Amino acid sequence: MHVPDGFIDAPTSAVTGVVAAGALAVSLRGARRELDERTAPLAGLVAAFIFAVQMLNFPVAAGTSGHLLGGALAAILVGPFTAVLCVSVVLLMQGVLFADGGLTALGVNITDMAIVTTVVSYAVFRGLLAVLPRKRRSVTVASFVAALVSVPAAAVAFTLIYAVGGTTDVSIGKVATAMIGVHVLIGIGEAVITALTVGAVVAVRPDLVHGARGLRQRLRLRVNGTLVDAPAPTAPVAARTSRRTLWVTGLVTSLVLAGFVSFYASANPDGLEKVAHDKGIDKKEGKHAASGSPLADYGVKDISDARLSGGLAGVIGVGVTVVAGSAVFWALRRRRGDDVSPVNTGV
Amino acid sequence: MGAGHTHRLYRHGHSPVHGLPPHTKLAAAFLFVVVVVSTPREAMWAFALYAVLLAGVAYHARVPAGFLLRRLLIEVPFVAFAVLLPFVAEGERVDVLGLSLSMNGLWGAWNVLAKGTLGVAASVLLAATTELRELLLGLQRLKLPPLLVQIASFMIRYGDVIADEMRRMRIARESRGFEAKGVRHWGVLAKSAGALFIRSYERGERVHLAMVSRGYAGAMPVIDEVTASGAQWRHALTLPCAALVVCLLGWFL
């Protein structure tokens, strides 16, 4: 699935490059939280593991064989941030050293294969673990589903990127059918192997599996024939990360994306709109209730320059979203702050 | 690891290209690929000129053509994909040898093939003339986050060790009469993968302890600071600048 040079046009490659760089910056920060100062050697060895395990061939039938992609496996074993770093480093080295995947397509490849797979699989995994009973088997089941979803999710992400910046005029419907069809099959293999591998690690060293941290049993001692809870080891105090820098970076990135880069993207309708248009779905679509509003169709009403208008609409949109989101967040925090009585604040 | 500490893509030499500082080569290769990708696909002669430019670099670096062409084989999957494009793309059709092909698809296939091949050739030349450690130093000089460079260097350094560990496990399986034939044997292979993960992780912990006991405090010491003089930069950037001229000609002619 490594995208070569010239497959996705230059502006889209640049945008995905910015997205990948931002995600890497966030992951570097997050990985320090997951692995503290051991980040470099451990993440490096895990990257080497992923690189090696991609060479492990799983025979399917009649001489064909498949191999693991590893995004979901890494996310479950070492946590999402470290996983993004490891898979990205593997992709970077494959691009620079082995010429596997183009240099200008690095952003596309990292966004697609490192970020989408790990984030989707980890979200699915966490969601399932919250619902399933706290047992060892649940971890295996959850990793099966997480890996199963992650591969087609990457195919969908690729199709979206292709819809925005593909250089060849293949209909999005065809790309989507081919990509998602093939990757659902690959996903089944990935899911089986990931679940079996996670199961094998959980059986031997459950303490190493990031996704199985909730399973740890309290240590109980038998004192004079009765079971007594051992005193809990003092938990290390979580390092406070600077929220403000993260927040400012996010805001600036979205402003740049919305205000400047959106010009390139808006030259083509987005994939869904295009599929809808191709298939004639949008004929039946009524006028949107907000179509008369001053920001309708991502443009500011009385400004005629398309680039300026689209950019301004983007910036205003980000502003409104941030203000609304902050208001909700602030209100929720106030509410929670009221509920907590001074007695039970020591969580 | 008995075969010297160079990767198998590197080709030892003392040519002017080998001697350039790594970050200038990295920047040059990257800029070259960017220029190639932004060339209009209708300007076929421009791609021929790019190929000539790369051949010039290869000649300068004394990388034999056979070596370069063999490395280009990694591209074969994309070629298969590009061959499919004319059959599935939209737009007006032409008949070639009794097959109905899409004009748009033909252009698309040409686009992917030409740009992809030039990109792969540029990466291959970069890897063939730059040592691994130098490449990592170059990435660091180009302001890649140091932590990322460290992770990459650990991956490269221990990649062979982990791959060897996997090979030993395979030999151990095979010497016990195991042969993976189909889906039924996935359980055994997955257990090997799990064991491999545990071994890699534990090795990582040991490596970290060994580093800490030697005074590691989050940053690797830089022993040989690579700096590039203006002349070296000019030398390296000749390639992307020449490519840029070709690209501009391609847009305006």
# chains A, B, ... in the order shown; residues from 1 in each chain; ligands from 1
>>> closest_atom_pairs(of="chain A", to="chain B", cutoff="7 Å", atoms="only C-alpha atoms", output="tab-separated table")
residue	atom	partner	partner_atom	distance
A:Pro4	CA	B:Gly116	CA	5.5
A:Asp5	CA	B:Gly116	CA	4.7
A:Gly6	CA	B:Lys115	CA	5.1
A:Phe7	CA	B:Val112	CA	5.6
A:Ala10	CA	B:Ser38	CA	6.1
A:Glu37	CA	B:Gly218	CA	6.7
A:Arg38	CA	B:His208	CA	6.3
A:Ala40	CA	B:Ile151	CA	5.0
A:Pro41	CA	B:Gly204	CA	5.5
A:Leu42	CA	B:Gly204	CA	4.7
A:Ala43	CA	B:Ile151	CA	6.0
A:Gly44	CA	B:Ile151	CA	4.2
A:Leu45	CA	B:Gly204	CA	5.6
A:Val46	CA	B:Ser200	CA	6.5
A:Ala47	CA	B:Met155	CA	5.6
A:Ala48	CA	B:Met155	CA	4.6
A:Phe49	CA	B:Phe197	CA	6.3
A:Ala52	CA	B:Ala163	CA	5.3
A:Val53	CA	B:Ala193	CA	6.7
A:Phe58	CA	B:Trp186	CA	6.6
A:Pro59	CA	B:Gly182	CA	5.0
A:Val60	CA	B:Gly182	CA	5.1
A:Ala61	CA	B:Gly182	CA	5.5
A:Val89	CA	B:Ala152	CA	5.8
A:Val96	CA	B:Ser123	CA	6.0
A:Leu97	CA	B:Ala127	CA	5.5
A:Ala99	CA	B:Val120	CA	5.2
A:Gly102	CA	B:Gly119	CA	6.1
A:Leu103	CA	B:Phe30	CA	6.5
A:Thr104	CA	B:Val34	CA	6.3
A:Thr167	CA	B:Gly108	CA	6.6
A:Thr168	CA	B:Gly108	CA	4.8
A:Asp169	CA	B:Ala89	CA	5.8
A:Val170	CA	B:Ala89	CA	4.4
A:Ser171	CA	B:Glu90	CA	6.8
A:Ile193	CA	B:Ala190	CA	6.0
A:Leu196	CA	B:Ala190	CA	5.6
A:Thr197	CA	B:Ala190	CA	4.7
A:Val198	CA	B:Gly194	CA	6.8
A:Ala200	CA	B:Lys191	CA	5.4
A:Val201	CA	B:Gly194	CA	5.1
>>> atom_distance(atom1="CA of Glu179 in chain B", atom2="CA of Val184 in chain A")
27.5 Å
>>> residues_around(residues="Leu68 in chain A", least_positions_apart="2", cutoff="9 Å", atoms="only C-alpha atoms", output="list in words")
Ile50, Val53, Gln54, Met55, Leu56, Asn57, Phe58, Gly66, Gly70, Gly71, Leu73, Gly189, Glu190, Ile193 and Thr194 of chain A
>>> write_last_selection(atoms="C-alpha atoms", output="PDB file, in the first residue's frame")
ATOM      1  CA  ILE A  50       7.555  -4.147  13.399  1.00  0.00           C
ATOM      2  CA  VAL A  53       7.466  -8.924  11.746  1.00  0.00           C
ATOM      3  CA  GLN A  54       6.456  -7.464   8.387  1.00  0.00           C
ATOM      4  CA  MET A  55       8.862  -9.977   6.896  1.00  0.00           C
ATOM      5  CA  LEU A  56       7.205 -12.908   8.684  1.00  0.00           C
ATOM      6  CA  ASN A  57       5.145 -14.662   6.037  1.00  0.00           C
ATOM      7  CA  PHE A  58       1.818 -16.219   6.895  1.00  0.00           C
ATOM      8  CA  GLY A  66       0.417 -12.505   3.528  1.00  0.00           C
ATOM      9  CA  GLY A  70       1.415  -3.994  12.286  1.00  0.00           C
ATOM     10  CA  GLY A  71      -0.337  -0.680  13.016  1.00  0.00           C
ATOM     11  CA  LEU A  73      -0.603  -4.633  16.838  1.00  0.00           C
ATOM     12  CA  GLY A 189      -5.959 -11.879   8.014  1.00  0.00           C
ATOM     13  CA  GLU A 190      -4.521  -8.960   9.956  1.00  0.00           C
ATOM     14  CA  ILE A 193      -2.767 -12.675  13.325  1.00  0.00           C
ATOM     15  CA  THR A 194      -2.993  -9.609  15.581  1.00  0.00           C
TER      16      THR A 194
END
>>> select_by_dssp(residues="range 63-169 of chain B", states="alpha helix (DSSP H)", output="PyMOL selection string")
chain B and resi 65-71+76-88+103-129+132-141+146-169
>>> atom_distance(atom1="CA of Gln232 in chain B", atom2="CA of Lys143 in chain B")
18.8 Å
>>> residues_around(residues="Gly30 in chain A", least_positions_apart="3", cutoff="6 Å", atoms="only C-alpha atoms", output="list of chain:residue names")
A:Ser27, A:Arg33, A:Phe81
>>> write_last_selection(atoms="C-alpha atoms", output="mmCIF file, in the first residue's frame")
data_model
loop_
_atom_site.group_PDB
_atom_site.id
_atom_site.type_symbol
_atom_site.label_atom_id
_atom_site.label_comp_id
_atom_site.auth_asym_id
_atom_site.auth_seq_id
_atom_site.Cartn_x
_atom_site.Cartn_y
_atom_site.Cartn_z
ATOM 1 C CA SER A 27 3.060 11.618 19.391
ATOM 2 C CA ARG A 33 4.352 10.011 28.764
ATOM 3 C CA PHE A 81 1.554 7.451 20.589
#
>>> residues_around(residues="Ala83 in chain A", least_positions_apart="2", cutoff="8 Å", atoms="only C-alpha atoms", output="number ranges by chain")
A: 71, 74-75, 78-81, 85-87, 114, 118
>>> residues_around(residues="range 137-153 of chain A", least_positions_apart="5", cutoff="10 Å", atoms="only C-alpha atoms", output="ChimeraX atom specification")
/A:69-73,75-77,112-113,116-132,158-159,179-200,202,209,211-212,215
